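These notes concern the structure reproduced below.
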2 protein chains.
Amino acid sequence: MHVTSEQRLDDGVLEREFTLGEIPGILWTPASTSASAPAPLILLGPPPLGLRTVYPRLVARARHCAAEGFATATIELPGSGDRPRWPAAEQARADLRRAMEAGEPVNDEIVDALVLPLVEKAVPEWQAALDALLSLPEIGGPVGYSGGLISIGIRLAVVEPRIVAAGYFAGSLVPRTMFEEARQITIPLHVLLQWDDEGNDRQAALDLFDAFGSREKSLHANMGGHTGIPQSAAEAAIRFFTRHLK
Amino acid sequence: MHVTSEQRLDDGVLEREFTLGEIPGILWTPASTSASAPAPLILLGPPPLGLRTVYPRLVARARHCAAEGFATATIELPGSGDRPRWPAAEQARADLRRAMEAGEPVNDEIVDALVLPLVEKAVPEWQAALDALLSLPEIGGPVGYSGGLISIGIRLAVVEPRIVAAGYFAGSLVPRTMFEEARQITIPLHVLLQWDDEGNDRQAALDLFDAFGSREKSLHANMGGHTGIPQSAAEAAIRFFTRHLK
């Protein structure tokens, strides 16, 4: 892990850009963090649009988490941002766009081609990032995972025992095979659902929530579209992590 | 409104039992309440089991609300507790029990006979209680409604403009005609759903949530049966009232 730049934001949060091999990432730590008072870590799963594109939303989440004493970090997904192009992923995205614009149903093949290779490739990268981040003296466990592509969050919750709680943003582009993995999850889950999400099949999201194996899971549905999550819901998600990571 | 007994609970909450004509009720006010610092009021809708039966749960909710600065009050439903027996309501309850014990579907006729007369009779009583409670100098507006039989809460939200926010416990014994009333509601709503509620049809509860006309409404689904609401969900409900009544 190689820090390429660092800056203090106006609220004292330390933002460090880093690379992990070829993978760019960002780490935010609260002003008061130190080796003698390490901060618990929340991994911020990014949507597949590239860190630069979603930076404003990411830094807002990071500041919010820092105010409650959490370090946060994220890395670029394969094929996104400045990472090498990934023709197969681009093809799958183009197929999805074409189906949606034509008003056709998005069939299982399209979803599988879009999501499964990304999960296969990204999850080991997130685990490597976790190794590097947890080796920093100012970062402590336990670790939470929040948001981003829900299928990556599901796979991580199944294979990565250092993650002890997860907050998901319910999405419907979830391969059917991921439902089987969802049943294997046992950590506490906090699931957000935007009731009128234009890119989301509500029933599929409810079915996925039902499938999660966790004894402690809660669904928080709010009005509005994909980006309309109310402030109160964001605060409730942070309280979930405070209950489970502190 | 005639106070029949009063006592200070160990946390300083003042509990007053009262009668309003023939109707018994209970009022709880925070220790610090006074005419110069009146408390906003949350009406606690009781389940139809009688105030004495559910007193432990009611007083727990009242103390919790008082700790956040809210006065709370409730009155006995028609035909419940010490109020005169109501043969038609008893017959409807017996019909429901018989259908459920026989494993038969609970049809619309049974639900209508059980709920609609109760709503018709109870809602004007709750409005009269509101008149009396708001005439006390230590009680201020605005007013919230929380829990209890959801159909009474729906009707109150439609007809009573002094109620500006409501928290419901999603139940499925809701007459079809109440769905039309649900569409007329415009105040902010906070809806709890127990995902595995043994006495509840989950899909009916989700349909009802979808029907509410409010632009601001949120659904909070947690694991477990009817009485298994987690502490975090109870706290989130209080925060909802703090956002809207203070």
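By convention in this document, the chains of the structure tokens carry letters A, B, ... by their order, each chain's residues are numbered from 1, and ligands are numbered from 1 in the order they are shown.
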Chain A contacts to chain B at 7 Å (only C-alpha atoms) as a ChimeraX atom specification: /A:215-223
Using the selection just defined, write its residues with C-alpha atoms as a JSON list (two decimals), in the first residue's frame.
```json
[["chain", "number", "residue", "atom", "x", "y", "z"],
["A", 215, "ARG", "CA", -30.89, -13.67, 12.48],
["A", 216, "GLU", "CA", -30.47, -9.92, 12.90],
["A", 217, "LYS", "CA", -31.44, -8.08, 9.73],
["A", 218, "SER", "CA", -33.61, -5.04, 9.20],
["A", 219, "LEU", "CA", -35.07, -3.42, 6.11],
["A", 220, "HIS", "CA", -35.45, 0.35, 5.92],
["A", 221, "ALA", "CA", -37.63, 1.46, 3.04],
["A", 222, "ASN", "CA", -37.99, 5.12, 2.23],
["A", 223, "MET", "CA", -39.83, 7.05, -0.43]]
```
Test item: residues at most 9 Å from Ile26 (chain B), only C-alpha atoms, excluding those fewer than 6 positions along its chain, as a PyMOL selection string: chain B and resi 15-19+51+72-76
Save the residues we just selected, C-alpha atoms, as a PDB file, in the first residue's frame?
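The new file result17.pdb reads:
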```pdb
ATOM      1  CA  GLU B  15     -48.791   8.908  35.878  1.00  0.00           C
ATOM      2  CA  ARG B  16     -52.409  10.041  36.117  1.00  0.00           C
ATOM      3  CA  GLU B  17     -55.360   7.733  35.676  1.00  0.00           C
ATOM      4  CA  PHE B  18     -58.451   9.563  34.526  1.00  0.00           C
ATOM      5  CA  THR B  19     -61.961   9.079  33.266  1.00  0.00           C
ATOM      6  CA  LEU B  51     -55.346  -1.266  29.362  1.00  0.00           C
ATOM      7  CA  THR B  72     -48.194  10.212  26.325  1.00  0.00           C
ATOM      8  CA  ALA B  73     -51.808   9.200  26.859  1.00  0.00           C
ATOM      9  CA  THR B  74     -54.148   6.377  26.033  1.00  0.00           C
ATOM     10  CA  ILE B  75     -57.801   5.473  26.590  1.00  0.00           C
ATOM     11  CA  GLU B  76     -59.644   2.173  26.864  1.00  0.00           C
TER      12      GLU B  76
END
```
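Picture a line from CA of Pro24 (chain B) to CA of Val59 (chain B); it runs 15.4 Å.
For the set B:Ala62, B:Tyr168, B:Leu27, B:Pro161, the residue with the smallest atom-to-atom gap to Gly148 (chain B) is B:Tyr168, counting only C-alpha atoms.
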Distance of CA of Phe169 (chain B) from CA of Arg98 (chain B), expressed in Å to one decimal place: 24.2 Å
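Taking CA of Lys246 (chain A) as the reference point, CA of Gly12 (chain A) is found at 21.4 Å.
Considering only region 76-168 of chain A, backbone DSSP assigns strand (DSSP E or B) to Ile139, Gly140, Gly141, Pro142, Val143, Gly144, Tyr145, Ser146, Ile163, Val164, Ala165, Ala166, Gly167 and Tyr168 of chain A.
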Helix (DSSP H, G or I) positions in region 19-222 of chain A, given as JSON, numbers by chain: {"A": [51, 52, 53, 54, 55, 56, 57, 58, 59, 60, 61, 62, 63, 64, 65, 66, 67, 87, 88, 89, 90, 91, 92, 93, 94, 95, 96, 97, 98, 99, 100, 101, 108, 109, 110, 111, 112, 113, 114, 115, 116, 117, 118, 119, 120, 121, 122, 123, 124, 125, 126, 127, 128, 129, 130, 131, 132, 133, 134, 150, 151, 152, 153, 154, 155, 156, 157, 158, 159, 176, 177, 178, 179, 180, 181, 182, 183, 184, 202, 203, 204, 205, 206, 207, 208, 209, 210, 211]}
Neighbour list for Ser34 (chain B) as a PyMOL selection string, cut-off 9 Å, only C-alpha atoms, skip fewer than 2 positions in-chain: chain B and resi 31-32+36-39+137-139
Please dump the current selection as an mmCIF file, in the first residue's frame; keep N, CA and C atoms.
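Once written, selection38.cif looks like this:
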```cif
data_model
loop_
_atom_site.group_PDB
_atom_site.id
_atom_site.type_symbol
_atom_site.label_atom_id
_atom_site.label_comp_id
_atom_site.auth_asym_id
_atom_site.auth_seq_id
_atom_site.Cartn_x
_atom_site.Cartn_y
_atom_site.Cartn_z
ATOM 1 N N ALA B 31 -40.999 14.319 34.033
ATOM 2 C CA ALA B 31 -40.781 14.955 35.331
ATOM 3 C C ALA B 31 -40.724 16.474 35.216
ATOM 4 N N SER B 32 -40.152 16.956 34.132
ATOM 5 C CA SER B 32 -39.881 18.389 34.025
ATOM 6 C C SER B 32 -41.040 19.188 33.433
ATOM 7 N N SER B 36 -45.220 26.332 31.796
ATOM 8 C CA SER B 36 -44.326 27.211 31.036
ATOM 9 C C SER B 36 -43.445 26.405 30.065
ATOM 10 N N ALA B 37 -43.385 25.083 30.256
ATOM 11 C CA ALA B 37 -42.635 24.230 29.335
ATOM 12 C C ALA B 37 -43.490 23.016 28.998
ATOM 13 N N PRO B 38 -44.581 23.257 28.243
ATOM 14 C CA PRO B 38 -45.502 22.148 27.951
ATOM 15 C C PRO B 38 -44.843 21.100 27.059
ATOM 16 N N ALA B 39 -45.262 19.843 27.264
ATOM 17 C CA ALA B 39 -44.680 18.730 26.499
ATOM 18 C C ALA B 39 -45.555 18.410 25.292
ATOM 19 N N PRO B 137 -52.706 22.766 30.759
ATOM 20 C CA PRO B 137 -51.644 23.729 30.425
ATOM 21 C C PRO B 137 -50.281 23.078 30.207
ATOM 22 N N GLU B 138 -50.049 21.921 30.808
ATOM 23 C CA GLU B 138 -48.721 21.294 30.685
ATOM 24 C C GLU B 138 -48.591 20.438 29.422
ATOM 25 N N ILE B 139 -49.678 20.330 28.638
ATOM 26 C CA ILE B 139 -49.619 19.568 27.385
ATOM 27 C C ILE B 139 -49.699 20.540 26.215
#
```
Contact residues around region 103-118 of chain A with only C-alpha atoms at 9 Å, ignoring same-chain residues under 5 positions, as a short mmCIF file (atom, residue, chain, number, x, y, z; two decimals) with N, CA and C atoms, in the first residue's frame:
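Output file selection02.cif is given in full below:
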```
data_model
loop_
_atom_site.label_atom_id
_atom_site.label_comp_id
_atom_site.auth_asym_id
_atom_site.auth_seq_id
_atom_site.Cartn_x
_atom_site.Cartn_y
_atom_site.Cartn_z
N LEU A 77 -13.10 -0.26 -8.57
CA LEU A 77 -13.49 -1.58 -9.09
C LEU A 77 -12.73 -1.89 -10.38
N PRO A 78 -12.55 -3.17 -10.68
CA PRO A 78 -11.91 -3.57 -11.94
C PRO A 78 -12.65 -2.96 -13.14
N GLY A 79 -11.92 -2.39 -14.06
CA GLY A 79 -12.53 -1.83 -15.27
C GLY A 79 -13.13 -0.45 -15.10
N ALA A 88 -14.92 -7.26 -21.68
CA ALA A 88 -16.08 -8.13 -21.39
C ALA A 88 -17.09 -7.39 -20.51
N ALA A 89 -16.58 -6.63 -19.52
CA ALA A 89 -17.48 -5.89 -18.63
C ALA A 89 -18.18 -4.78 -19.40
N GLU A 90 -17.45 -4.13 -20.31
CA GLU A 90 -18.06 -3.07 -21.10
C GLU A 90 -19.16 -3.63 -22.00
N GLN A 91 -18.90 -4.81 -22.56
CA GLN A 91 -19.91 -5.46 -23.39
C GLN A 91 -21.17 -5.76 -22.56
N ALA A 92 -20.96 -6.28 -21.35
CA ALA A 92 -22.11 -6.62 -20.50
C ALA A 92 -22.91 -5.37 -20.14
N ARG A 93 -22.20 -4.26 -19.86
CA ARG A 93 -22.90 -3.01 -19.55
C ARG A 93 -23.68 -2.51 -20.76
N ASP A 95 -24.90 -4.35 -23.14
CA ASP A 95 -26.08 -5.23 -23.32
C ASP A 95 -27.20 -4.82 -22.35
N LEU A 96 -26.81 -4.50 -21.12
CA LEU A 96 -27.81 -4.09 -20.13
C LEU A 96 -28.49 -2.80 -20.59
N ARG A 98 -28.77 -1.57 -23.55
CA ARG A 98 -29.60 -1.78 -24.73
C ARG A 98 -30.95 -2.38 -24.33
N VAL A 123 -13.65 -9.18 -5.28
CA VAL A 123 -13.65 -9.58 -3.87
C VAL A 123 -12.24 -9.88 -3.34
N LEU A 149 -22.04 -2.04 -4.86
CA LEU A 149 -22.69 -3.12 -5.59
C LEU A 149 -23.04 -4.24 -4.59
N SER A 151 -23.94 -7.28 -4.73
CA SER A 151 -23.41 -8.64 -4.90
C SER A 151 -22.00 -8.78 -4.35
N ILE A 152 -21.19 -7.71 -4.46
CA ILE A 152 -19.85 -7.74 -3.87
C ILE A 152 -19.97 -7.80 -2.35
N LEU A 173 -30.27 -6.00 -9.54
CA LEU A 173 -29.45 -6.70 -10.53
C LEU A 173 -28.56 -7.72 -9.82
N VAL A 174 -29.21 -8.68 -9.19
CA VAL A 174 -28.50 -9.67 -8.39
C VAL A 174 -28.68 -11.04 -9.04
N PRO A 175 -27.59 -11.68 -9.45
CA PRO A 175 -27.70 -13.00 -10.08
C PRO A 175 -28.42 -13.98 -9.15
N ARG A 176 -29.16 -14.91 -9.75
CA ARG A 176 -29.93 -15.88 -8.93
C ARG A 176 -29.00 -16.68 -8.03
N THR A 177 -27.79 -16.97 -8.50
CA THR A 177 -26.88 -17.77 -7.66
C THR A 177 -26.47 -17.01 -6.40
N MET A 178 -26.54 -15.67 -6.44
CA MET A 178 -26.18 -14.91 -5.25
C MET A 178 -27.22 -15.09 -4.14
#
```
